[in-house]
Amino acid sequence: MYKKNGFSLIELVISLSVISLLLGSSLILVNSIYKNNKTQQDEILLNTIRESLYGFAITHGRLPCPAENENNLQSENCNLTHGILPSVLLGVPKTDRFGNAISYYVNVAFSKPLEDDELCSFNLATGEGNDSVRKSLADILADSNNKNDKLAIEVASVIVLHNARGKNSANSNEQENSNNDTYFVSQAETQNFDDKVIWITPYQLKYKMIEAGRLP
């Protein structure tokens, strides 16, 4: 009697289909893990920066001013509101994971040097009511084309990681994070948007200063 050896054509097709499905599932899983890892790296960096900013504020009674350029990250320029995070001064990484300098905005009311025996450069009323400071604070948008769709209003400070697409991106929402006005955009990551944005509100900052005893 003839003994069959090897696979039939149907068995071979089924086997290859199963292998393809397994490989496809594995690739999806690997991509998902890689994306989650990138997101976690950004979140860790941003949380580290935020805590360092709070630490500086508690120590000095104000937020730091921006650095003027990438060659002077250990110094502040208090004539600026937009610039680069003074990362050497704060003791945090100089760049995002793609080597871009980290953008930093701070309203001057919350970063101006202290005078005389002041414990804090601002008070509980700063940025409240009809205070002129309030009108100059930054807003966080969901889309640069709709200034009314805001995620947060009147924030004191903003930090931006520009990531793979960089600071010179042609995307209008990413351009909003580089144009030195007081509007910033925060969105979920897509192929066309990979900026990561966090902000500090006056309320968050004041709470930290009260806890530290720098505000009554």
# chains A, B, ... in the order shown; residues from 1 in each chain; ligands from 1
$ residues_around --residues "Phe184 in chain A" --least-positions-apart "3" --cutoff "9 Å" --atoms "only C-alpha atoms" --output "PDB file with N, CA and C atoms, in the first residue's frame"
ATOM      1  N   ALA A 138      -1.216  81.897  29.397  1.00  0.00           N
ATOM      2  CA  ALA A 138      -1.331  81.036  28.210  1.00  0.00           C
ATOM      3  C   ALA A 138      -2.572  80.146  28.267  1.00  0.00           C
ATOM      4  N   ASP A 139      -3.048  79.754  27.084  1.00  0.00           N
ATOM      5  CA  ASP A 139      -4.169  78.818  26.960  1.00  0.00           C
ATOM      6  C   ASP A 139      -3.696  77.564  26.234  1.00  0.00           C
ATOM      7  N   ILE A 140      -4.284  76.433  26.604  1.00  0.00           N
ATOM      8  CA  ILE A 140      -3.985  75.160  25.946  1.00  0.00           C
ATOM      9  C   ILE A 140      -5.177  74.773  25.083  1.00  0.00           C
ATOM     10  N   LEU A 141      -4.925  74.577  23.799  1.00  0.00           N
ATOM     11  CA  LEU A 141      -5.980  74.292  22.830  1.00  0.00           C
ATOM     12  C   LEU A 141      -5.982  72.816  22.427  1.00  0.00           C
ATOM     13  N   ALA A 142      -7.159  72.363  21.970  1.00  0.00           N
ATOM     14  CA  ALA A 142      -7.256  71.028  21.383  1.00  0.00           C
ATOM     15  C   ALA A 142      -6.903  71.062  19.906  1.00  0.00           C
ATOM     16  N   ASP A 143      -7.046  72.249  19.283  1.00  0.00           N
ATOM     17  CA  ASP A 143      -6.737  72.417  17.859  1.00  0.00           C
ATOM     18  C   ASP A 143      -6.423  73.880  17.609  1.00  0.00           C
ATOM     19  N   SER A 144      -5.362  74.137  16.868  1.00  0.00           N
ATOM     20  CA  SER A 144      -4.940  75.519  16.619  1.00  0.00           C
ATOM     21  C   SER A 144      -5.940  76.301  15.780  1.00  0.00           C
ATOM     22  N   VAL A 158       4.418  76.394  30.523  1.00  0.00           N
ATOM     23  CA  VAL A 158       4.195  75.287  29.583  1.00  0.00           C
ATOM     24  C   VAL A 158       5.540  74.682  29.195  1.00  0.00           C
ATOM     25  N   VAL A 160       7.224  71.819  26.434  1.00  0.00           N
ATOM     26  CA  VAL A 160       6.922  71.097  25.188  1.00  0.00           C
ATOM     27  C   VAL A 160       8.095  70.202  24.792  1.00  0.00           C
ATOM     28  N   ASN A 173      -0.685  72.521  14.104  1.00  0.00           N
ATOM     29  CA  ASN A 173      -0.818  72.357  15.552  1.00  0.00           C
ATOM     30  C   ASN A 173       0.547  72.325  16.237  1.00  0.00           C
ATOM     31  N   GLU A 174       1.525  71.710  15.577  1.00  0.00           N
ATOM     32  CA  GLU A 174       2.871  71.706  16.139  1.00  0.00           C
ATOM     33  C   GLU A 174       3.533  73.081  15.993  1.00  0.00           C
ATOM     34  N   GLU A 176       2.019  75.793  16.390  1.00  0.00           N
ATOM     35  CA  GLU A 176       1.468  76.582  17.490  1.00  0.00           C
ATOM     36  C   GLU A 176       2.309  76.443  18.756  1.00  0.00           C
ATOM     37  N   ASN A 177       3.004  75.325  18.876  1.00  0.00           N
ATOM     38  CA  ASN A 177       3.850  75.092  20.047  1.00  0.00           C
ATOM     39  C   ASN A 177       5.255  75.659  19.890  1.00  0.00           C
ATOM     40  N   SER A 178       5.502  76.337  18.758  1.00  0.00           N
ATOM     41  CA  SER A 178       6.840  76.875  18.494  1.00  0.00           C
ATOM     42  C   SER A 178       6.846  78.358  18.138  1.00  0.00           C
ATOM     43  N   ASP A 181       3.752  82.570  20.856  1.00  0.00           N
ATOM     44  CA  ASP A 181       2.583  83.285  21.362  1.00  0.00           C
ATOM     45  C   ASP A 181       2.099  82.568  22.624  1.00  0.00           C
ATOM     46  N   VAL A 197       2.955  67.879  25.612  1.00  0.00           N
ATOM     47  CA  VAL A 197       2.800  69.179  26.271  1.00  0.00           C
ATOM     48  C   VAL A 197       2.249  69.004  27.685  1.00  0.00           C
TER      49      VAL A 197
END
$ select_by_dssp --residues "range 3-205 of chain A" --states "strand (DSSP E)" --output "ChimeraX atom specification"
/A:82-84,103-106,138-141,150-155,157-161,183-185,196-200
$ atom_distance --atom1 "CA of Ile159 in chain A" --atom2 "CA of Ile198 in chain A"
5.5 Å
$ select_by_dssp --residues "range 16-101 of chain A" --states "alpha helix (DSSP H)" --output "PyMOL selection string"
chain A and resi 16-60+87-90
$ closest_atom_pairs --of "range 55-119 of chain A" --to "range 37-43 of chain A" --cutoff "12 Å" --atoms "only C-alpha atoms" --output "tab-separated table"
residue	atom	partner	partner_atom	distance
A:Pro93	CA	A:Asp42	CA	11.5
A:Thr95	CA	A:Asp42	CA	11.0
A:Asp96	CA	A:Asp42	CA	7.8
A:Arg97	CA	A:Asp42	CA	7.9
A:Phe98	CA	A:Asp42	CA	10.8
A:Ile102	CA	A:Asp42	CA	11.6
$ write_last_selection --atoms "N, CA and C atoms" --output "mmCIF file, in the first residue's frame"
data_model
loop_
_atom_site.group_PDB
_atom_site.id
_atom_site.type_symbol
_atom_site.label_atom_id
_atom_site.label_comp_id
_atom_site.auth_asym_id
_atom_site.auth_seq_id
_atom_site.Cartn_x
_atom_site.Cartn_y
_atom_site.Cartn_z
ATOM 1 N N PRO A 93 17.369 66.178 32.088
ATOM 2 C CA PRO A 93 17.941 65.981 30.741
ATOM 3 C C PRO A 93 17.816 67.222 29.858
ATOM 4 N N THR A 95 17.586 67.345 26.530
ATOM 5 C CA THR A 95 16.804 67.186 25.304
ATOM 6 C C THR A 95 15.721 66.121 25.480
ATOM 7 N N ASP A 96 14.816 66.062 24.496
ATOM 8 C CA ASP A 96 13.889 64.943 24.440
ATOM 9 C C ASP A 96 14.635 63.733 23.886
ATOM 10 N N ARG A 97 13.948 62.616 23.686
ATOM 11 C CA ARG A 97 14.628 61.384 23.267
ATOM 12 C C ARG A 97 15.113 61.432 21.822
ATOM 13 N N PHE A 98 14.778 62.509 21.097
ATOM 14 C CA PHE A 98 15.242 62.671 19.722
ATOM 15 C C PHE A 98 16.326 63.750 19.610
ATOM 16 N N ILE A 102 14.267 71.298 24.803
ATOM 17 C CA ILE A 102 12.919 71.299 25.375
ATOM 18 C C ILE A 102 12.427 72.739 25.489
#
$ closest_residue --among "A:Ser186, A:Ser52, A:Ser8, A:Asn145" --to "Trp199 in chain A" --atoms "only C-alpha atoms"
A:Ser186
$ atom_distance --atom1 "CA of Thr81 in chain A" --atom2 "CA of Ser157 in chain A"
9.2 Å
$ closest_residue --among "A:Gly99, A:Gly61, A:Gly91, A:Pro86" --to "Met209 in chain A" --atoms "only C-alpha atoms"
A:Gly61
$ atom_distance --atom1 "CA of Leu53 in chain A" --atom2 "CA of Gln74 in chain A"
14.0 Å
$ decode --residues "range 179-201 of chain A" --atoms "N, CA, C and O atoms" --output "PDB file, in the first residue's frame"
ATOM      1  N   ASN A 179       5.675  78.993  18.091  1.00  0.00           N
ATOM      2  CA  ASN A 179       5.616  80.337  17.502  1.00  0.00           C
ATOM      3  C   ASN A 179       5.671  81.490  18.510  1.00  0.00           C
ATOM      4  O   ASN A 179       5.428  82.638  18.165  1.00  0.00           O
ATOM      5  N   ASN A 180       5.950  81.170  19.757  1.00  0.00           N
ATOM      6  CA  ASN A 180       6.174  82.211  20.777  1.00  0.00           C
ATOM      7  C   ASN A 180       4.965  83.095  21.066  1.00  0.00           C
ATOM      8  O   ASN A 180       5.126  84.239  21.481  1.00  0.00           O
ATOM      9  N   ASP A 181       3.752  82.570  20.856  1.00  0.00           N
ATOM     10  CA  ASP A 181       2.583  83.285  21.362  1.00  0.00           C
ATOM     11  C   ASP A 181       2.099  82.568  22.624  1.00  0.00           C
ATOM     12  O   ASP A 181       2.819  81.738  23.182  1.00  0.00           O
ATOM     13  N   THR A 182       0.912  82.884  23.091  1.00  0.00           N
ATOM     14  CA  THR A 182       0.442  82.289  24.345  1.00  0.00           C
ATOM     15  C   THR A 182      -0.628  81.223  24.116  1.00  0.00           C
ATOM     16  O   THR A 182      -1.457  80.956  24.983  1.00  0.00           O
ATOM     17  N   TYR A 183      -0.606  80.608  22.931  1.00  0.00           N
ATOM     18  CA  TYR A 183      -1.461  79.460  22.652  1.00  0.00           C
ATOM     19  C   TYR A 183      -0.589  78.239  22.427  1.00  0.00           C
ATOM     20  O   TYR A 183       0.426  78.299  21.721  1.00  0.00           O
ATOM     21  N   PHE A 184      -0.993  77.127  23.016  1.00  0.00           N
ATOM     22  CA  PHE A 184      -0.296  75.862  22.836  1.00  0.00           C
ATOM     23  C   PHE A 184      -1.339  74.785  22.545  1.00  0.00           C
ATOM     24  O   PHE A 184      -2.494  74.912  22.934  1.00  0.00           O
ATOM     25  N   VAL A 185      -0.912  73.717  21.845  1.00  0.00           N
ATOM     26  CA  VAL A 185      -1.828  72.648  21.478  1.00  0.00           C
ATOM     27  C   VAL A 185      -1.373  71.330  22.099  1.00  0.00           C
ATOM     28  O   VAL A 185      -0.193  70.969  22.035  1.00  0.00           O
ATOM     29  N   SER A 186      -2.332  70.629  22.691  1.00  0.00           N
ATOM     30  CA  SER A 186      -2.063  69.295  23.233  1.00  0.00           C
ATOM     31  C   SER A 186      -3.050  68.313  22.612  1.00  0.00           C
ATOM     32  O   SER A 186      -4.263  68.522  22.673  1.00  0.00           O
ATOM     33  N   GLN A 187      -2.519  67.254  21.996  1.00  0.00           N
ATOM     34  CA  GLN A 187      -3.339  66.229  21.360  1.00  0.00           C
ATOM     35  C   GLN A 187      -2.736  64.856  21.609  1.00  0.00           C
ATOM     36  O   GLN A 187      -1.570  64.735  21.992  1.00  0.00           O
ATOM     37  N   ALA A 188      -3.539  63.823  21.357  1.00  0.00           N
ATOM     38  CA  ALA A 188      -3.007  62.464  21.359  1.00  0.00           C
ATOM     39  C   ALA A 188      -2.041  62.310  20.187  1.00  0.00           C
ATOM     40  O   ALA A 188      -2.202  62.957  19.147  1.00  0.00           O
ATOM     41  N   GLU A 189      -1.042  61.462  20.359  1.00  0.00           N
ATOM     42  CA  GLU A 189      -0.042  61.269  19.303  1.00  0.00           C
ATOM     43  C   GLU A 189      -0.640  60.612  18.077  1.00  0.00           C
ATOM     44  O   GLU A 189      -1.396  59.642  18.165  1.00  0.00           O
ATOM     45  N   THR A 190      -0.311  61.156  16.908  1.00  0.00           N
ATOM     46  CA  THR A 190      -0.696  60.578  15.624  1.00  0.00           C
ATOM     47  C   THR A 190       0.520  60.635  14.709  1.00  0.00           C
ATOM     48  O   THR A 190       1.589  61.109  15.099  1.00  0.00           O
ATOM     49  N   GLN A 191       0.347  60.204  13.454  1.00  0.00           N
ATOM     50  CA  GLN A 191       1.441  60.308  12.484  1.00  0.00           C
ATOM     51  C   GLN A 191       1.802  61.755  12.199  1.00  0.00           C
ATOM     52  O   GLN A 191       2.928  62.054  11.794  1.00  0.00           O
ATOM     53  N   ASN A 192       0.860  62.664  12.401  1.00  0.00           N
ATOM     54  CA  ASN A 192       1.076  64.071  12.067  1.00  0.00           C
ATOM     55  C   ASN A 192       1.300  64.961  13.278  1.00  0.00           C
ATOM     56  O   ASN A 192       1.490  66.169  13.131  1.00  0.00           O
ATOM     57  N   PHE A 193       1.262  64.382  14.471  1.00  0.00           N
ATOM     58  CA  PHE A 193       1.438  65.192  15.688  1.00  0.00           C
ATOM     59  C   PHE A 193       2.070  64.322  16.761  1.00  0.00           C
ATOM     60  O   PHE A 193       1.479  63.324  17.185  1.00  0.00           O
ATOM     61  N   ASP A 194       3.276  64.707  17.210  1.00  0.00           N
ATOM     62  CA  ASP A 194       3.907  63.928  18.274  1.00  0.00           C
ATOM     63  C   ASP A 194       4.486  64.805  19.386  1.00  0.00           C
ATOM     64  O   ASP A 194       5.272  64.334  20.216  1.00  0.00           O
ATOM     65  N   ASP A 195       4.104  66.088  19.413  1.00  0.00           N
ATOM     66  CA  ASP A 195       4.495  66.940  20.545  1.00  0.00           C
ATOM     67  C   ASP A 195       3.873  66.398  21.834  1.00  0.00           C
ATOM     68  O   ASP A 195       2.744  65.902  21.832  1.00  0.00           O
ATOM     69  N   LYS A 196       4.607  66.521  22.917  1.00  0.00           N
ATOM     70  CA  LYS A 196       4.067  66.218  24.235  1.00  0.00           C
ATOM     71  C   LYS A 196       4.099  67.508  25.055  1.00  0.00           C
ATOM     72  O   LYS A 196       5.150  68.159  25.155  1.00  0.00           O
ATOM     73  N   VAL A 197       2.955  67.879  25.612  1.00  0.00           N
ATOM     74  CA  VAL A 197       2.800  69.179  26.271  1.00  0.00           C
ATOM     75  C   VAL A 197       2.249  69.004  27.685  1.00  0.00           C
ATOM     76  O   VAL A 197       1.277  68.272  27.889  1.00  0.00           O
ATOM     77  N   ILE A 198       2.889  69.640  28.645  1.00  0.00           N
ATOM     78  CA  ILE A 198       2.328  69.725  29.991  1.00  0.00           C
ATOM     79  C   ILE A 198       2.349  71.187  30.420  1.00  0.00           C
ATOM     80  O   ILE A 198       3.070  72.012  29.836  1.00  0.00           O
ATOM     81  N   TRP A 199       1.579  71.498  31.445  1.00  0.00           N
ATOM     82  CA  TRP A 199       1.510  72.881  31.906  1.00  0.00           C
ATOM     83  C   TRP A 199       1.315  72.931  33.410  1.00  0.00           C
ATOM     84  O   TRP A 199       0.920  71.949  34.046  1.00  0.00           O
ATOM     85  N   ILE A 200       1.628  74.087  33.964  1.00  0.00           N
ATOM     86  CA  ILE A 200       1.436  74.349  35.387  1.00  0.00           C
ATOM     87  C   ILE A 200       0.485  75.530  35.513  1.00  0.00           C
ATOM     88  O   ILE A 200       0.733  76.589  34.936  1.00  0.00           O
ATOM     89  N   THR A 201      -0.594  75.360  36.236  1.00  0.00           N
ATOM     90  CA  THR A 201      -1.548  76.446  36.425  1.00  0.00           C
ATOM     91  C   THR A 201      -1.138  77.290  37.622  1.00  0.00           C
ATOM     92  O   THR A 201      -0.425  76.815  38.516  1.00  0.00           O
TER      93      THR A 201
END
